[in-house]
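A.B. asks: Below you will find the structure I want to go over with you.
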Amino acid sequence: MSMTTDDKLVYMVNQIARNFAAMGQQEAMTATADHLLAFWEPRMKLRIRALSVERPDALTPIAAAAVARLPASAG
């Protein structure tokens, strides 16, 4: 079974958040948001913001908080 592009984005942001989780919730959220801002292309950031609304239960709490910190333009 292959994952959709949306599923891959959700998987990736959750994985990034898990990698930073040992830092503690606040620091992990900041590090995850910083990572998305630095390394994800604008279309990916815009889509993960949309997915956080469409599928809010798909994101871990750290990932959801990080995505919420992305600017609305996310570019």
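Residues in the structure tokens are numbered from 1 in each chain, the chains being A, B, ... in the order shown, and ligands are numbered from 1 in the order shown.
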Excluding A:Thr60 and its own-chain neighbours fewer than 2 positions away, which residues fall within 9 Å of it when counting only C-alpha atoms? Please give them as an MDAnalysis selection string.

C.D. replies: chainID A and resid 13:14 17:18 56:58 62:65

A.B. asks: Skipping near chain neighbours, those fewer than 4 positions away, what residues fall within 7 Å of A:Ala31 using only C-alpha atoms, listed as a PyMOL selection string?

C.D. replies: chain A and resi 20+27+35

A.B. asks: Report, in Å with one decimal, the straight-line distance from atom CA of A:Met12 to atom CA of A:Val67.

C.D. replies: 12.1 Å

A.B. asks: Would you mind telling me which residue in A:Leu59, A:Met44, A:Ile16, A:Val53 lies nearest to A:Thr32 when using only C-alpha atoms?

C.D. replies: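 Under the stated criterion, the closest residue is A:Ile16.
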
A.B. asks: Record the distance separating atom CA of A:Leu51 and atom CA of A:Ser2, expressed in Å with one decimal.

C.D. replies: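 One can read the atom CA of A:Leu51 to atom CA of A:Ser2 distance as 18.5 Å.
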
A.B. asks: Considering only C-alpha atoms, can you say which of A:Ala21, A:Ala66, A:Pro61, A:Met3 comes closest to A:Asp34?

C.D. replies: A:Ala66

A.B. asks: In Å, with one decimal, what is the gap from atom CA of A:Ala72 to atom CA of A:Asn19?

C.D. replies: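 Going from atom CA of A:Ala72 over to atom CA of A:Asn19 covers 24.9 Å.
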